[in-house]
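Below is start14.csv, which holds CSV, C-alpha atoms.
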chain,number,residue,atom,x,y,z
A,1,THR,CA,-61.8,26.4,8.7
A,2,SER,CA,-59.4,23.5,8.6
A,3,THR,CA,-57.0,23.5,5.8
A,4,PRO,CA,-54.9,20.4,5.4
A,5,ILE,CA,-51.2,20.9,4.7
A,6,ALA,CA,-49.6,17.8,3.1
A,7,ALA,CA,-46.5,16.6,5.0
A,8,ASN,CA,-43.4,15.9,2.9
A,9,ALA,CA,-40.7,14.4,5.1
A,10,ALA,CA,-37.4,14.0,3.4
A,11,LEU,CA,-33.7,13.7,4.3
A,12,THR,CA,-30.5,13.6,2.2
A,13,ILE,CA,-27.1,12.4,3.3
A,14,ASP,CA,-23.7,13.3,1.8
A,15,LYS,CA,-21.0,11.0,3.0
A,16,THR,CA,-17.3,12.0,2.7
A,17,ALA,CA,-14.3,9.8,3.5
A,18,GLY,CA,-11.1,11.3,5.0
A,19,VAL,CA,-7.6,10.2,4.2
A,20,PRO,CA,-6.8,6.7,5.7
A,21,SER,CA,-4.4,6.8,8.6
A,22,GLY,CA,-2.4,4.0,6.9
A,23,THR,CA,-2.6,1.2,4.4
A,24,THR,CA,-2.6,-1.7,6.7
A,25,ALA,CA,-5.3,-3.6,8.6
A,26,GLY,CA,-6.1,-1.7,11.8
A,27,SER,CA,-5.6,1.7,10.2
A,28,THR,CA,-8.7,4.0,10.3
A,29,ILE,CA,-10.8,6.2,8.1
A,30,ASP,CA,-12.7,9.1,9.5
A,31,TYR,CA,-16.1,9.9,7.8
A,32,THR,CA,-18.3,13.0,7.8
A,33,PHE,CA,-22.0,12.8,7.0
A,34,LEU,CA,-23.8,16.0,6.0
A,35,VAL,CA,-27.5,15.4,6.8
A,36,THR,CA,-30.1,17.8,5.4
A,37,ASN,CA,-33.8,18.1,6.0
A,38,THR,CA,-35.1,18.6,2.5
A,39,GLY,CA,-38.8,18.2,3.4
A,40,ASN,CA,-41.4,20.5,4.8
A,41,VAL,CA,-41.7,19.2,8.4
A,42,THR,CA,-39.4,19.1,11.4
A,43,ILE,CA,-37.6,15.8,11.8
A,44,SER,CA,-36.3,14.7,15.2
A,45,GLY,CA,-34.2,11.8,16.3
A,46,ILE,CA,-31.7,12.2,13.5
A,47,ALA,CA,-29.3,9.3,13.2
A,48,VAL,CA,-26.8,7.9,10.7
A,49,VAL,CA,-27.1,4.3,9.8
A,50,ASP,CA,-23.7,2.8,8.8
A,51,ALA,CA,-23.0,-0.8,9.8
A,52,ASN,CA,-19.2,-0.4,9.1
A,53,LEU,CA,-18.6,2.3,11.7
A,54,ASP,CA,-16.7,1.2,14.9
A,55,ALA,CA,-19.4,3.1,16.9
A,56,ALA,CA,-22.5,5.0,16.3
A,57,ALA,CA,-22.0,8.2,14.4
A,58,ILE,CA,-22.0,11.4,16.5
A,59,CYS,CA,-24.5,14.1,15.4
A,60,PRO,CA,-24.3,17.4,17.2
A,61,VAL,CA,-27.9,18.2,16.3
A,62,THR,CA,-30.6,15.6,16.2
A,63,THR,CA,-33.6,17.8,15.4
A,64,LEU,CA,-33.7,19.5,12.0
A,65,ALA,CA,-36.2,22.1,10.8
A,66,PRO,CA,-36.9,22.1,7.0
A,67,GLY,CA,-33.8,23.3,5.2
A,68,ASP,CA,-31.5,22.8,8.1
A,69,SER,CA,-28.4,20.5,8.1
A,70,THR,CA,-26.0,18.9,10.6
A,71,THR,CA,-22.7,17.2,10.1
A,72,CYS,CA,-22.2,13.9,11.8
A,73,THR,CA,-18.9,12.0,12.3
A,74,GLY,CA,-17.7,8.4,12.6
A,75,THR,CA,-14.7,6.2,12.2
A,76,HIS,CA,-14.1,2.8,10.5
A,77,THR,CA,-11.2,0.5,11.2
A,78,ILE,CA,-9.8,-1.1,8.0
A,79,THR,CA,-9.9,-4.9,7.8
A,80,GLN,CA,-7.4,-7.2,6.1
A,81,ALA,CA,-10.1,-8.2,3.6
A,82,GLU,CA,-10.5,-4.6,2.6
A,83,VAL,CA,-6.7,-4.2,2.2
A,84,ASP,CA,-6.6,-7.3,0.1
A,85,ALA,CA,-9.5,-6.0,-2.0
A,86,GLY,CA,-7.7,-2.7,-2.5
A,87,THR,CA,-10.6,-0.6,-1.5
A,88,VAL,CA,-12.9,0.3,1.4
A,89,ASP,CA,-16.5,0.6,0.1
A,90,ASN,CA,-19.0,2.0,2.5
A,91,SER,CA,-22.6,3.1,2.4
A,92,ALA,CA,-24.7,5.1,4.8
A,93,THR,CA,-28.3,6.5,5.2
A,94,ALA,CA,-29.8,9.0,7.5
A,95,THR,CA,-33.1,8.4,9.4
A,96,GLY,CA,-35.4,10.5,11.6
A,97,THR,CA,-38.8,10.7,13.1
A,98,THR,CA,-41.6,12.8,11.6
A,99,PRO,CA,-44.2,14.8,13.7
A,100,GLY,CA,-46.7,12.0,13.1
A,101,GLY,CA,-44.4,9.4,14.7
A,102,GLY,CA,-43.3,7.8,11.5
A,103,THR,CA,-39.8,7.3,10.2
A,104,THR,CA,-38.2,8.8,7.1
A,105,THR,CA,-34.9,7.5,5.6
A,106,SER,CA,-32.7,9.1,3.1
A,107,ALA,CA,-31.4,7.5,-0.1
A,108,PRO,CA,-27.9,5.9,0.6
A,109,ASP,CA,-24.7,7.6,-0.2
A,110,THR,CA,-21.6,5.5,-0.8
A,111,THR,CA,-17.8,6.2,-0.7
A,112,SER,CA,-15.0,4.1,-2.2
A,113,THR,CA,-11.5,4.7,-0.7
A,114,PRO,CA,-8.6,3.0,-2.4
A,115,ILE,CA,-6.0,1.2,-0.3
A,116,ALA,CA,-2.6,0.9,-2.1
A,117,ALA,CA,-1.2,-2.6,-2.1
A,118,ASN,CA,2.4,-3.3,-1.0
A,119,ALA,CA,3.2,-6.9,-1.6
A,120,ALA,CA,6.6,-7.9,-0.1
A,121,LEU,CA,8.5,-11.0,1.1
A,122,THR,CA,11.8,-11.6,2.9
A,123,ILE,CA,13.7,-14.8,3.2
A,124,ASP,CA,16.4,-15.8,5.7
A,125,LYS,CA,18.3,-18.9,4.7
A,126,THR,CA,20.3,-20.9,7.2
A,127,ALA,CA,22.6,-23.8,6.5
A,128,GLY,CA,22.9,-26.7,8.8
A,129,VAL,CA,26.1,-28.7,9.6
A,130,PRO,CA,27.1,-30.9,6.6
A,131,SER,CA,26.7,-34.6,7.2
A,132,GLY,CA,30.2,-35.1,6.0
A,133,ALA,CA,33.1,-33.6,3.9
A,134,THR,CA,32.8,-35.8,0.9
A,135,ALA,CA,30.8,-35.8,-2.3
A,136,GLY,CA,27.4,-37.3,-1.5
A,137,SER,CA,27.2,-35.8,1.9
A,138,THR,CA,24.2,-33.5,2.5
A,139,ILE,CA,23.3,-30.1,4.0
A,140,ASP,CA,19.9,-29.4,5.4
A,141,TYR,CA,18.6,-25.8,4.9
A,142,THR,CA,15.9,-23.8,6.7
A,143,PHE,CA,14.2,-20.8,5.0
A,144,LEU,CA,12.4,-18.3,7.3
A,145,VAL,CA,9.9,-16.6,4.9
A,146,THR,CA,8.1,-13.5,6.2
A,147,ASN,CA,5.3,-11.4,4.6
A,148,THR,CA,6.5,-7.9,5.1
A,149,GLY,CA,3.9,-6.2,2.9
A,150,ASN,CA,0.3,-5.2,3.6
A,151,VAL,CA,-1.6,-7.8,1.6
A,152,THR,CA,-2.2,-11.6,2.0
A,153,LEU,CA,0.1,-13.7,-0.1
A,154,THR,CA,-0.8,-17.2,-1.4
A,155,GLY,CA,1.0,-20.0,-3.2
A,156,LEU,CA,4.2,-19.5,-1.2
A,157,VAL,CA,7.3,-21.3,-2.6
A,158,VAL,CA,11.0,-21.2,-2.1
A,159,ASN,CA,13.1,-20.9,-5.2
A,160,ASP,CA,16.5,-22.8,-4.8
A,161,ALA,CA,17.7,-24.7,-7.8
A,162,GLN,CA,20.3,-26.6,-5.8
A,163,LEU,CA,17.9,-28.4,-3.5
A,164,ASP,CA,17.5,-32.1,-4.2
A,165,ALA,CA,13.7,-31.6,-4.2
A,166,PRO,CA,11.4,-28.5,-3.8
A,167,ALA,CA,11.5,-27.0,-0.3
A,168,ILE,CA,8.7,-28.0,2.0
A,169,CYS,CA,6.7,-25.2,3.5
A,170,PRO,CA,4.1,-26.0,6.2
A,171,VAL,CA,2.2,-22.9,5.4
A,172,THR,CA,1.7,-21.5,1.9
A,173,THR,CA,-0.6,-18.5,2.7
A,174,LEU,CA,0.8,-15.7,4.8
A,175,ALA,CA,-1.1,-12.7,6.2
A,176,PRO,CA,0.9,-9.5,6.6
A,177,GLY,CA,3.5,-9.9,9.4
A,178,ALA,CA,3.2,-13.7,9.4
A,179,SER,CA,6.1,-16.1,8.8
A,180,THR,CA,6.7,-19.8,8.0
A,181,THR,CA,9.9,-21.9,8.1
A,182,CYS,CA,10.5,-24.0,5.0
A,183,THR,CA,13.1,-26.8,4.8
A,184,GLY,CA,15.1,-28.5,2.1
A,185,THR,CA,18.2,-30.6,1.5
A,186,HIS,CA,21.2,-30.3,-0.9
A,187,THR,CA,23.6,-33.2,-1.8
A,188,ILE,CA,27.2,-31.9,-1.9
A,189,THR,CA,29.0,-32.4,-5.3
A,190,GLN,CA,32.7,-33.2,-5.9
A,191,ALA,CA,33.1,-29.8,-7.5
A,192,GLU,CA,31.9,-28.2,-4.3
A,193,VAL,CA,34.3,-30.3,-2.2
A,194,ASP,CA,37.1,-29.3,-4.5
A,195,ALA,CA,36.1,-25.7,-4.3
A,196,GLY,CA,36.1,-25.9,-0.5
A,197,SER,CA,32.6,-24.5,0.0
A,198,VAL,CA,29.0,-24.9,-0.9
A,199,ASP,CA,27.6,-21.5,-2.0
A,200,ASN,CA,23.8,-21.4,-2.3
A,201,SER,CA,21.2,-18.7,-2.9
A,202,ALA,CA,17.4,-18.8,-2.5
A,203,THR,CA,14.4,-16.5,-3.0
A,204,ALA,CA,10.8,-16.8,-1.9
A,205,SER,CA,7.8,-15.9,-4.1
A,206,GLY,CA,4.0,-15.7,-3.6
A,207,THR,CA,0.9,-14.4,-5.3
A,208,PRO,CA,-0.8,-11.2,-4.1
A,209,PRO,CA,-4.6,-10.8,-4.3
A,210,GLY,CA,-4.5,-9.0,-7.6
A,211,GLY,CA,-2.5,-11.8,-9.3
A,212,GLY,CA,1.1,-11.7,-10.5
A,213,THR,CA,4.1,-12.7,-8.5
A,214,THR,CA,6.0,-11.1,-5.6
A,215,THR,CA,9.6,-12.3,-5.1
A,216,SER,CA,11.9,-11.6,-2.2
A,217,SER,CA,15.5,-10.4,-2.5
A,218,PRO,CA,17.9,-13.4,-2.5
A,219,ASP,CA,19.6,-14.7,0.6
A,220,THR,CA,22.9,-16.6,0.2
A,221,THR,CA,24.8,-19.0,2.5
A,222,SER,CA,28.4,-20.2,2.1
A,223,THR,CA,29.2,-23.5,3.9
A,224,PRO,CA,32.9,-24.4,4.1
A,225,ILE,CA,34.0,-28.0,3.3
A,226,ALA,CA,37.2,-29.0,5.0
A,227,ALA,CA,39.8,-30.3,2.5
A,228,ASN,CA,41.4,-33.6,3.3
A,229,ALA,CA,44.0,-34.4,0.6
A,230,ALA,CA,45.5,-37.9,1.1
A,231,LEU,CA,47.1,-40.7,-1.0
A,232,THR,CA,48.1,-44.3,-0.4
A,233,ILE,CA,50.4,-46.4,-2.4

Please express the file's structure as structure tokens.
Amino acid sequence: TSTPIAANAALTIDKTAGVPSGTTAGSTIDYTFLVTNTGNVTISGIAVVDANLDAAAICPVTTLAPGDSTTCTGTHTITQAEVDAGTVDNSATATGTTPGGGTTTSAPDTTSTPIAANAALTIDKTAGVPSGATAGSTIDYTFLVTNTGNVTLTGLVVNDAQLDAPAICPVTTLAPGASTTCTGTHTITQAEVDAGSVDNSATASGTPPGGGTTTSSPDTTSTPIAANAALTI
């Protein structure tokens, strides 16, 4: 007698994300993949398919009898785009070879790992040498603006109400760790000459990926103006 036994090849995958090693691009997330043979035939060549892993997942067992499981592992390096998005979304499937030489693939399982945004800027303001010591003389300023957070900032501007015109920034989008040097000019007033100094404060601001505004702490310069009191008659 020859009694046919219907083959039912089936796999499931349960993907779990570990705690990220950090919240910046270049940090890593370790994943585990619990692969189970839920069919009625032995499946060989077990592999995890996850395009976001740095290298192929490692599975300690690659042949599973019905009902058996194995836990595979892999690592993903977080990108700046994922930090800016605030999440690492990742999907994986498990595949294997049936006794007849075919392939069976599990339904996908997806994880979503939040990445906390930390938008931050610093500004370092430097005053040049005044062009003179009288009202109408000018002072050129430079503003070193640095993105000290973990997300990309756009629409970068320098806020300094005493500049003759808005500061010029050659770059208005800064990735984390990047800097740009903006420039501006102030015309000295008679009140500042009389006071003996030009005191000036500035901040930098930009827009994080989620919207809103991030503003640096202010940085202030004080430029002395030499007094020259004189009369003629």

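Around range 51-55 of chain A, within 10 Å and counting only C-alpha atoms, the residues found are Thr28, Ile29, Asp30, Tyr31, Thr73, Gly74, Thr75, His76, Thr77, Ile78, Val88, Asp89, Asn90, Ser91 and Ala92 of chain A, once anything fewer than 5 positions away on its own chain is removed.
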
Could you make a table, as CSV, of the residues of range 70-99 of chain A that have an atom within 12 Å of an atom of range 173-189 of chain A, each with its nearest atom pair and distance in Å to one decimal, counting all atoms listed in the file, in chain and number order?
residue,atom,partner,partner_atom,distance
A:Thr79,CA,A:Pro176,CA,11.8
A:Gln80,CA,A:Ala175,CA,8.4
A:Ala81,CA,A:Ala175,CA,10.4
A:Val83,CA,A:Pro176,CA,10.3
A:Asp84,CA,A:Ala175,CA,9.8

Ref. answer, residues at most 7 Å from (-34.8, 16.5, 4.5) with only C-alpha atoms, as a PyMOL selection string: chain A and resi 9-12+36-39+66-67

CA of Asp14 in chain A to CA of Asp109 in chain A, straight-line distance in Å: 6.1 Å

Gly149 in chain A surroundings by all atoms listed in the file, 7 Å radius, close-in-sequence under 2 positions cut, as a PyMOL selection string: chain A and resi 118-121+147+151+176

Which residue of A:Val19, A:Ala127, A:Val41, A:Leu144 approaches Pro170 in chain A most closely, using all atoms listed in the file: A:Leu144

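The coordinates place CA of Thr104 in chain A at 13.1 Å from CA of Thr63 in chain A.
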
Polymer residues at most 12 Å from Thr223 in chain A, all atoms listed in the file, same-chain spacing of 6 or more positions, as a PyMOL selection string: chain A and resi 125-133+138-141+186+188+192-193+195-201

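Around the coordinate (6.2, -23.6, -0.4), residues that reach within 7 Å when counting all atoms listed in the file are Gly155, Leu156, Val157, Val158, Ala167, Ile168, Cys169, Thr172 and Cys182 of chain A.
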
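Proximity to Thr146 in chain A was assessed for A:Pro114, A:Gly206, A:Pro108, A:Gly26 counting all atoms listed in the file; the smallest distance is recorded for A:Gly206.
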
Separation of CA of Ala135 in chain A from CA of Ala204 in chain A, in Å and rounded to one decimal: 27.6 Å

Residue among A:Thr134, A:Thr42, A:Asn150, A:Thr113 lying closest to Ala227 in chain A, counting all atoms listed in the file: A:Thr134

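Residues within 9 Å of Pro218 in chain A, counting all atoms listed in the file and excluding same-chain residues fewer than 4 positions away, are Thr122, Ile123, Asp124, Ser201, Ala202, Thr203 and Ala204 of chain A.
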
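Nearest residue to Ser112 in chain A among A:Lys15, A:Thr215, A:Ala57, A:Gln190 is A:Lys15, counting only C-alpha atoms.
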
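The neighbours of Thr62 in chain A here are the residues that come within 8 Å of it, using only C-alpha atoms and leaving out any residue fewer than 3 positions away in the same chain; they are Ser44, Gly45, Ile46, Ala47, Cys59 and Thr70 of chain A.
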